[in-house]
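Dumped coords-v9.txt below, it's compact mmCIF, C-alpha atoms:
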```txt
# COMPACT_ATOMS: atom_id res chain seq x y z
CA MET A 2 85.95 76.89 100.56
CA LYS A 3 84.73 80.29 101.66
CA PRO A 4 86.61 83.09 99.89
CA ARG A 5 88.73 85.18 102.21
CA ASP A 6 87.76 88.78 102.82
CA ASP A 7 90.84 89.97 100.99
CA ASP A 8 90.17 87.66 98.05
CA ALA A 9 88.23 90.07 95.86
CA PHE A 10 88.46 87.75 92.88
CA GLY A 11 87.01 84.78 94.76
CA ARG A 12 84.31 86.94 96.29
CA LYS A 13 83.30 88.26 92.90
CA LEU A 14 83.18 84.78 91.45
CA HIS A 15 80.94 83.78 94.33
CA GLU A 16 78.64 86.75 93.85
CA ALA A 17 78.54 86.16 90.11
CA GLY A 18 77.63 82.53 90.68
CA VAL A 19 74.93 83.36 93.19
CA SER A 20 73.46 85.97 90.89
CA VAL A 21 73.09 83.48 88.04
CA THR A 22 71.69 80.70 90.21
CA PRO A 23 68.06 80.38 89.23
CA ALA A 24 65.22 80.21 91.69
CA THR A 25 63.54 76.85 92.17
CA SER A 26 61.53 76.02 89.08
CA GLU A 27 58.20 74.54 90.06
CA ASP A 28 57.86 73.02 86.63
CA LEU A 29 61.20 71.23 86.90
CA HIS A 30 60.46 70.20 90.47
CA ALA A 31 57.12 68.73 89.41
CA ARG A 32 58.84 66.75 86.66
CA VAL A 33 61.48 65.44 89.07
CA MET A 34 58.94 64.36 91.66
CA ALA A 35 56.74 62.75 88.99
CA ASP A 36 59.74 60.70 87.86
CA VAL A 37 60.60 59.83 91.45
CA ARG A 38 57.05 58.71 92.21
CA ARG A 39 57.03 56.59 89.06
CA GLU A 40 60.36 55.06 90.12
CA GLN A 41 58.99 54.37 93.57
CA ALA A 42 55.87 52.73 92.16
CA MET A 43 57.93 50.63 89.77
CA ALA A 44 60.32 49.66 92.55
CA SER A 45 57.50 48.59 94.86
CA SER A 46 55.71 46.64 92.11
CA SER A 47 58.93 45.00 90.99
CA ALA A 48 59.73 44.21 94.62
CA ALA A 49 56.33 42.54 94.98
CA ALA A 50 56.83 40.70 91.71
CA SER A 51 60.29 39.59 92.70
CA ALA A 52 58.95 38.44 96.07
CA GLY A 53 56.33 36.39 94.24
CA ARG A 54 58.95 35.02 91.91
CA ALA A 55 61.17 34.18 94.85
CA ARG A 56 58.33 32.28 96.52
CA TRP A 57 57.71 30.30 93.35
CA TRP A 58 61.40 29.55 92.95
CA TRP A 59 61.53 28.45 96.58
CA LEU A 60 58.61 26.06 96.04
CA ILE A 61 60.10 24.69 92.84
CA GLY A 62 63.48 24.23 94.47
CA THR A 63 62.02 22.47 97.48
CA ALA A 64 59.94 20.15 95.30
CA ALA A 65 62.94 19.31 93.14
CA ALA A 66 65.07 18.57 96.18
CA ALA A 67 62.36 16.35 97.65
CA ALA A 68 61.99 14.48 94.36
CA ALA A 69 65.73 13.98 94.11
CA VAL A 70 65.90 12.60 97.65
CA ALA A 71 62.96 10.26 96.95
CA VAL A 72 64.57 8.95 93.78
CA TRP A 73 67.87 8.46 95.54
CA VAL A 74 66.29 6.59 98.44
CA THR A 75 64.21 4.29 96.23
CA THR A 76 66.82 3.50 93.63
CA SER A 77 69.93 3.20 95.71
CA ARG A 78 70.94 -0.36 96.86
CA GLU A 79 73.29 -1.60 99.50
CA PRO A 80 76.67 -2.14 97.95
CA THR A 81 77.47 -5.85 97.35
CA VAL A 82 80.67 -6.80 99.10
CA ALA A 83 82.53 -9.95 97.89
CA PRO A 84 83.30 -12.49 100.68
CA PRO A 85 86.94 -12.51 101.65
CA THR A 86 89.11 -15.27 100.21
CA TYR A 87 91.83 -16.67 102.41
CA ALA A 88 95.10 -17.51 100.67
CA PRO A 89 97.32 -20.14 102.34
CA VAL A 90 100.54 -18.71 103.64
CA ALA A 91 103.72 -20.79 103.17
CA GLN A 92 105.31 -22.22 106.35
CA LEU A 93 108.21 -20.08 107.31
CA PRO A 94 111.48 -21.69 108.55
CA PRO A 95 111.99 -21.39 112.29
CA LEU A 96 114.04 -18.41 113.25
CA PRO A 97 117.01 -18.95 115.60
CA SER A 98 116.35 -17.80 119.08
CA ILE A 99 118.15 -14.54 119.83
CA GLU A 100 118.37 -15.47 123.48
CA ALA A 101 120.08 -18.77 122.74
CA ALA A 102 122.53 -17.04 120.42
CA VAL A 103 123.41 -14.50 123.09
CA VAL A 104 123.90 -17.21 125.74
CA GLU A 105 126.08 -19.18 123.36
CA LYS A 106 128.22 -16.15 122.55
CA MET A 107 128.61 -15.17 126.17
CA GLN A 108 129.42 -18.65 127.50
CA PRO A 109 133.28 -18.46 127.21
CA VAL A 110 133.33 -15.05 128.84
CA ARG A 111 131.12 -16.29 131.56
CA GLU A 112 133.35 -19.22 132.28
CA LYS A 113 136.44 -17.02 132.39
CA LEU A 114 134.75 -14.63 134.74
CA HIS A 115 133.75 -17.55 136.94
CA GLU A 116 137.27 -18.88 137.05
CA ALA A 117 138.73 -15.48 137.82
CA ARG A 118 136.37 -15.00 140.63
CA PHE A 119 138.60 -16.48 143.32
CA ALA A 120 141.95 -15.77 141.69
CA TYR A 121 143.02 -13.50 144.52
CA LEU A 122 142.74 -16.45 146.90
CA ASP A 123 145.34 -18.36 144.88
CA ARG A 124 147.65 -15.37 144.95
CA ASP A 125 147.27 -14.84 148.68
CA THR A 126 147.80 -18.54 149.33
CA LYS A 127 151.03 -18.48 147.39
CA ARG A 128 152.29 -15.44 149.26
CA LEU A 129 151.42 -17.08 152.53
CA ALA A 130 153.28 -20.25 151.55
CA ARG A 131 156.30 -18.21 150.51
CA PHE A 132 156.28 -16.35 153.77
CA LEU A 133 156.06 -19.55 155.74
CA LEU A 134 158.90 -21.09 153.83
CA ARG A 135 161.13 -18.11 154.46
CA SER A 136 160.38 -18.05 158.06
CA VAL A 137 161.45 -21.71 158.57
CA PRO A 138 165.03 -21.66 159.97
CA GLY A 139 167.59 -23.40 157.91
CA MET A 140 165.64 -23.10 154.79
CA PRO A 141 167.80 -21.71 152.02
CA ALA A 142 166.76 -18.31 150.69
CA ASP A 143 166.47 -19.57 147.13
CA ALA A 144 164.14 -22.36 148.13
CA ARG A 145 161.24 -20.38 146.99
CA PRO A 146 159.70 -21.58 143.83
CA VAL A 147 161.09 -19.98 140.70
CA ALA A 148 157.88 -20.12 138.90
CA THR A 149 156.16 -17.89 141.42
CA GLU A 150 159.01 -15.33 141.77
CA GLY A 151 158.24 -13.22 138.78
CA ALA A 152 154.52 -13.76 139.02
CA THR A 153 152.50 -10.64 138.74
CA PRO A 154 149.13 -10.15 140.30
CA SER A 155 147.51 -10.17 136.94
CA SER A 156 149.15 -13.35 135.77
CA ALA A 157 148.52 -14.95 139.14
CA SER A 158 144.92 -14.05 139.04
CA GLY A 159 144.59 -15.14 135.44
CA THR A 160 144.72 -18.84 136.12
CA MET Y 2 58.50 75.64 110.04
CA ASN Y 3 56.44 75.54 113.24
CA GLY Y 4 59.29 76.96 115.30
CA LEU Y 5 61.51 74.01 114.51
CA ALA Y 6 65.00 74.47 113.11
CA PRO Y 7 65.17 73.62 109.42
CA ARG Y 8 66.55 70.18 108.85
CA SER Y 9 69.95 69.86 107.24
CA ASP Y 10 70.44 68.36 103.80
CA GLU Y 11 72.01 65.33 105.44
CA GLU Y 12 69.00 64.73 107.69
CA LEU Y 13 66.69 65.02 104.71
CA ALA Y 14 68.83 62.53 102.79
CA ARG Y 15 68.75 60.08 105.69
CA ASP Y 16 64.97 60.34 105.93
CA ALA Y 17 64.62 59.97 102.18
CA ARG Y 18 66.80 56.89 102.31
CA ALA Y 19 64.43 55.49 104.90
CA GLY Y 20 61.62 55.96 102.35
CA SER Y 21 60.34 59.47 103.08
CA LEU Y 22 59.24 60.99 99.79
CA ALA Y 23 58.48 64.31 101.53
CA SER Y 24 62.09 64.60 102.67
CA PHE Y 25 63.36 63.95 99.17
CA ASP Y 26 60.86 66.51 97.87
CA GLU Y 27 62.33 69.11 100.22
CA LEU Y 28 65.91 68.15 99.37
CA ALA Y 29 65.24 68.29 95.63
CA ARG Y 30 63.63 71.68 96.02
CA ARG Y 31 66.71 72.96 97.86
CA VAL Y 32 69.37 71.69 95.47
CA GLN Y 33 67.56 72.09 92.20
CA GLY Y 34 68.64 75.69 91.58
CA PRO Y 35 72.34 75.17 92.42
CA LEU Y 36 72.42 72.03 90.29
CA VAL Y 37 70.89 73.75 87.29
CA ALA Y 38 73.25 76.70 87.67
CA PHE Y 39 76.25 74.36 87.92
CA LEU Y 40 75.17 72.36 84.89
CA ALA Y 41 74.44 75.53 82.94
CA ARG Y 42 78.20 76.15 82.89
CA ARG Y 43 78.49 73.06 80.69
CA PHE Y 44 75.21 73.28 78.85
CA PRO Y 45 74.44 76.81 77.72
CA SER Y 46 70.88 75.79 76.87
CA ARG Y 47 68.78 76.08 79.99
CA ARG Y 48 66.61 73.23 78.77
CA ASP Y 49 69.61 70.87 78.57
CA ALA Y 50 70.85 71.90 82.00
CA GLU Y 51 67.41 71.26 83.47
CA ASP Y 52 67.14 67.88 81.77
CA VAL Y 53 70.47 66.78 83.21
CA ALA Y 54 69.56 68.14 86.64
CA GLN Y 55 66.29 66.22 86.50
CA GLU Y 56 68.04 63.01 85.56
CA ALA Y 57 70.67 63.57 88.26
CA LEU Y 58 68.00 63.97 90.92
CA VAL Y 59 66.15 60.86 89.78
CA ARG Y 60 69.42 58.92 89.82
CA ALA Y 61 70.10 60.25 93.28
CA TRP Y 62 66.73 58.93 94.40
CA ARG Y 63 67.61 55.53 92.93
CA ALA Y 64 71.04 55.60 94.53
CA LEU Y 65 69.83 56.70 97.97
CA PRO Y 66 70.48 53.26 99.52
CA SER Y 67 74.17 53.78 98.71
CA TYR Y 68 74.24 57.15 100.47
CA ARG Y 69 76.37 56.80 103.59
CA ASP Y 70 75.98 58.77 106.79
CA GLY Y 71 78.57 61.46 107.22
CA MET Y 72 78.77 62.11 103.50
CA ARG Y 73 78.01 65.68 102.45
CA VAL Y 74 74.81 65.50 100.42
CA ARG Y 75 75.73 68.32 98.10
CA THR Y 76 79.04 66.69 97.25
CA TRP Y 77 77.22 63.45 96.53
CA LEU Y 78 74.60 65.16 94.34
CA PHE Y 79 77.13 67.27 92.47
CA THR Y 80 79.20 64.15 91.85
CA ILE Y 81 76.22 62.43 90.26
CA ALA Y 82 75.38 65.52 88.21
CA TYR Y 83 78.98 66.06 87.12
CA ARG Y 84 79.42 62.48 85.95
CA LEU Y 85 76.14 62.63 84.11
CA ALA Y 86 77.17 65.88 82.45
CA VAL Y 87 80.51 64.40 81.42
CA SER Y 88 78.80 61.35 79.98
CA ARG Y 89 76.48 63.62 78.04
CA GLY Y 90 79.54 65.05 76.34
CA ARG Y 91 80.71 68.52 75.86
CA GLY Y 92 78.04 71.18 75.60
CA GLU Y 93 77.82 73.82 72.97
CA VAL Y 94 80.79 76.04 72.35
CA ALA Y 95 80.67 78.76 74.94
CA THR Y 96 80.58 82.36 74.00
CA VAL Y 97 81.30 85.36 76.10
CA ALA Y 98 77.90 86.80 75.30
CA VAL Y 99 75.15 86.21 77.83
CA PRO Y 100 73.15 83.17 76.78
CA PRO Y 101 69.59 84.45 76.58
CA ALA Y 102 68.14 81.04 77.35
CA LEU Y 103 69.65 81.11 80.83
CA GLY Y 104 67.22 83.66 82.13
CA ASP Y 105 64.67 81.98 84.31
CA GLY Y 106 61.93 84.43 83.65
CA ARG Y 107 62.38 86.30 86.91
CA GLU Y 108 63.05 89.79 85.70
CA GLY Y 109 62.98 91.58 89.02
CA PRO Y 110 64.23 95.07 89.62
CA PRO Y 111 66.76 96.54 87.15
CA GLU Y 112 69.56 96.24 89.72
CA THR Y 113 68.98 92.51 90.03
CA VAL Y 114 68.81 92.08 86.27
CA ALA Y 115 72.05 94.01 85.84
CA ARG Y 116 73.77 91.90 88.52
CA ARG Y 117 72.60 88.73 86.86
CA GLU Y 118 73.88 89.90 83.50
CA ARG Y 119 77.24 90.75 85.02
CA GLY Y 120 77.34 87.34 86.64
CA GLU Y 121 76.59 85.68 83.32
CA ARG Y 122 79.36 87.68 81.68
CA VAL Y 123 81.86 86.61 84.33
CA TRP Y 124 81.06 82.93 83.96
CA ALA Y 125 80.79 83.11 80.19
CA ALA Y 126 84.28 84.60 80.15
CA ALA Y 127 85.44 81.79 82.41
CA ARG Y 128 83.98 79.24 80.01
CA ALA Y 129 85.65 80.97 77.10
CA VAL Y 130 89.17 80.85 78.51
CA LEU Y 131 89.15 77.81 80.78
CA SER Y 132 88.56 74.13 80.32
CA GLU Y 133 85.23 72.71 81.44
CA GLU Y 134 86.91 70.95 84.34
CA GLN Y 135 88.54 74.16 85.50
CA VAL Y 136 85.21 75.98 85.32
CA SER Y 137 83.59 73.21 87.34
CA ALA Y 138 86.37 73.38 89.94
CA LEU Y 139 86.02 77.16 90.21
CA TRP Y 140 82.25 76.92 90.51
CA LEU Y 141 82.31 74.27 93.20
CA THR Y 142 85.02 76.10 95.11
CA TYR Y 143 83.79 79.69 94.97
CA VAL Y 144 80.06 79.43 94.40
CA GLU Y 145 79.18 76.21 96.24
CA GLN Y 146 82.05 76.84 98.66
CA LEU Y 147 82.97 73.18 98.88
CA PRO Y 148 86.34 72.35 100.48
CA THR Y 149 89.06 71.32 98.05
CA GLY Y 150 88.82 67.70 99.14
CA GLU Y 151 85.13 67.61 98.30
CA VAL Y 152 85.76 69.28 94.94
CA ALA Y 153 88.37 66.63 94.24
CA ARG Y 154 85.81 63.97 95.06
CA VAL Y 155 83.25 65.46 92.66
CA LEU Y 156 85.75 65.77 89.83
CA GLY Y 157 87.37 62.41 90.54
CA ARG Y 158 90.77 64.06 91.00
CA SER Y 159 93.35 64.24 93.75
CA TRP Y 160 93.48 67.10 96.22
CA VAL Y 161 96.80 68.30 94.81
CA SER Y 162 95.55 68.21 91.26
CA VAL Y 163 92.50 70.31 92.17
CA LYS Y 164 94.68 72.82 94.01
CA THR Y 165 96.90 73.14 90.97
CA MET Y 166 93.90 73.39 88.66
CA LEU Y 167 92.40 76.19 90.75
CA HIS Y 168 95.66 78.09 90.86
CA ARG Y 169 96.12 77.88 87.10
CA ALA Y 170 92.48 78.73 86.43
CA ARG Y 171 92.69 81.83 88.59
CA ARG Y 172 95.92 82.96 86.97
CA LYS Y 173 94.41 82.49 83.53
CA LEU Y 174 91.09 84.09 84.31
CA GLU Y 175 92.15 87.06 86.40
CA PRO Y 176 93.40 89.21 83.47
CA HIS Y 177 90.14 88.62 81.62
CA LEU Y 178 88.04 89.59 84.58
CA ALA Y 179 90.12 92.38 86.02
CA ALA Y 180 87.96 95.06 84.44
CA GLU Y 181 84.81 93.24 85.47
CA VAL Y 182 85.96 92.96 89.06
CA ASP Y 183 86.98 96.57 89.13
CA ASP Y 184 83.64 97.50 87.72
CA TRP Y 185 81.91 95.54 90.44
CA SER Y 186 83.89 97.20 93.12
CA GLY Y 187 82.97 100.56 91.65
CA ALA Y 188 86.57 101.47 90.88
CA THR Y 189 86.00 101.74 87.15
CA SER Y 190 82.97 103.94 87.50
CA ARG Y 191 84.85 106.20 89.89
CA ARG Y 192 87.76 106.32 87.45
CA ARG Y 193 85.39 107.21 84.64
CA ALA Y 194 83.85 109.96 86.71
CA VAL Y 195 87.24 111.41 87.55
CA THR Y 196 88.29 111.26 83.89
CA GLN Y 197 85.10 113.00 82.87
CA GLU Y 198 85.71 115.73 85.43
CA VAL Y 199 89.27 116.24 84.17
CA CYS Y 200 88.02 116.41 80.56
CA ASP Y 201 85.34 118.91 81.53
CA GLU Y 202 87.88 121.08 83.28
CA ALA Y 203 90.22 120.92 80.31
CA THR Y 204 87.54 122.05 77.93
```
Step by step, read the file and then write its structure as structure tokens.
Amino acid sequence: MKPRDDDAFGRKLHEAGVSVTPATSEDLHARVMADVRREQAMASSSAAASAGRARWWWLIGTAAAAAAVAVWVTTSREPTVAPPTYAPVAQLPPLPSIEAAVVEKMQPVREKLHEARFAYLDRDTKRLARFLLRSVPGMPADARPVATEGATPSSASGT
Amino acid sequence: MNGLAPRSDEELARDARAGSLASFDELARRVQGPLVAFLARRFPSRRDAEDVAQEALVRAWRALPSYRDGMRVRTWLFTIAYRLAVSRGRGEVATVAVPPALGDGREGPPETVARRERGERVWAAARAVLSEEQVSALWLTYVEQLPTGEVARVLGRSWVSVKTMLHRARRKLEPHLAAEVDDWSGATSRRRAVTQEVCDEAT
């Protein structure tokens, strides 16, 4: 943060700081660079050593893995599987046929439907007979059959 | 310089990170003085300040792979130095007197020597009345002219806390340095001269 022009206090602090900042000390610089060079040399030698160690570890690891695979291949056997044993299954009772049951259940309905199929013909025949009887001259009006007078279409078609 | 513009600290740090010892040499040469001066606020013995600066620079060399582009090198170096100084513990009890060990042997003209002594008095007074952290914040702000955010990074504080610290430090230090500042601006000497003239006339 650069002190503002009107900040006399900040400017004086800056000037005071600059005035007490020492010039570069060649002695200190030489010590720093000597340390840095030593660090660099140590780092490069340790890097080389660690590379060598890494190579050895890689070789040892590879050899161990190869040995493990060899041991596994030579010692492992095919797993022995027991032959299957067949257990006799008890004879089950015959199940009733669903189709036969349905046919049996539906038979009465089927017959009724069959009988009712031509029921309208009976009704029409009766009406025709009644009409013919009425139209014969001399035939009394109450000659029509009593049983058929109150017959409804549903009852007539029923049987 | 062979007509070439001098390389910035950041460029030197990048080259040093890439393995250039010459670049680090140049960088260390540039920042050595400011680092020693900064550390001298905590360690009145010049020898101690130089030792810590040396260790900070060697650590910086070691830590160069962690230096990221875009980071201000001085902030990074001052952070390393500050943490090292803190870990070294508090320095000797500061006194307002000028520590004689701080002179770096460059006597120079009397004007320069006088300015240096005044500078030492100012910062010794700051050390006497402020905490070490406040002195560090003032130094980084006014001498190194780092932005408040960078100062906060060096001190491991928040921006707001550094702002507050600077405000309090200034308020506390200003009364102690008022005479010194006046003296620097020549006001005191002018006042003295006027007073002398008045006394002479009276007699």
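Distance-wise, atom CA of Arg117 of chain Y and atom CA of Met34 of chain A end up 28.3 Å apart.
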Residues of chain Y within 7 Å of chain A, only C-alpha atoms counted, as a PDB file with C-alpha atoms, keeping the file's coordinate frame:
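For reference, iface_10.pdb as written:
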```pdb
ATOM      1  CA  ASP Y  26      60.860  66.510  97.870  1.00  0.00           C
ATOM      2  CA  ARG Y  30      63.630  71.680  96.020  1.00  0.00           C
ATOM      3  CA  GLN Y  33      67.560  72.090  92.200  1.00  0.00           C
ATOM      4  CA  GLY Y  34      68.640  75.690  91.580  1.00  0.00           C
ATOM      5  CA  PRO Y  35      72.340  75.170  92.420  1.00  0.00           C
ATOM      6  CA  ALA Y  38      73.250  76.700  87.670  1.00  0.00           C
ATOM      7  CA  GLN Y  55      66.290  66.220  86.500  1.00  0.00           C
ATOM      8  CA  LEU Y  58      68.000  63.970  90.920  1.00  0.00           C
ATOM      9  CA  VAL Y  59      66.150  60.860  89.780  1.00  0.00           C
ATOM     10  CA  TRP Y  62      66.730  58.930  94.400  1.00  0.00           C
ATOM     11  CA  ASP Y 105      64.670  81.980  84.310  1.00  0.00           C
ATOM     12  CA  ARG Y 116      73.770  91.900  88.520  1.00  0.00           C
ATOM     13  CA  ARG Y 117      72.600  88.730  86.860  1.00  0.00           C
ATOM     14  CA  ARG Y 119      77.240  90.750  85.020  1.00  0.00           C
ATOM     15  CA  GLY Y 120      77.340  87.340  86.640  1.00  0.00           C
ATOM     16  CA  GLU Y 121      76.590  85.680  83.320  1.00  0.00           C
ATOM     17  CA  VAL Y 123      81.860  86.610  84.330  1.00  0.00           C
ATOM     18  CA  THR Y 142      85.020  76.100  95.110  1.00  0.00           C
ATOM     19  CA  TYR Y 143      83.790  79.690  94.970  1.00  0.00           C
ATOM     20  CA  VAL Y 144      80.060  79.430  94.400  1.00  0.00           C
ATOM     21  CA  GLN Y 146      82.050  76.840  98.660  1.00  0.00           C
ATOM     22  CA  LEU Y 147      82.970  73.180  98.880  1.00  0.00           C
ATOM     23  CA  PRO Y 148      86.340  72.350 100.480  1.00  0.00           C
ATOM     24  CA  THR Y 149      89.060  71.320  98.050  1.00  0.00           C
ATOM     25  CA  VAL Y 182      85.960  92.960  89.060  1.00  0.00           C
TER      26      VAL Y 182
END
```
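The spacing separating atom CA of Ala19 of chain Y from atom CA of Ser47 of chain A amounts to 18.3 Å.
Of the residues under consideration (Y:Ser46, Y:Ser21, Y:Ser159, Y:Gln135), Y:Gln135 shows the shortest atom-to-atom contact distance to Arg171 of chain Y when counting all atoms listed in the file.
Note that atom CA of Pro66 of chain Y and atom CA of Ala48 of chain A are 14.9 Å apart.
Each of Y:Met166, Y:Leu174, Y:Trp77, Y:Trp140 was checked against Arg154 of chain Y using all atoms listed in the file; the smallest atom-to-atom distance is that of Y:Trp77.
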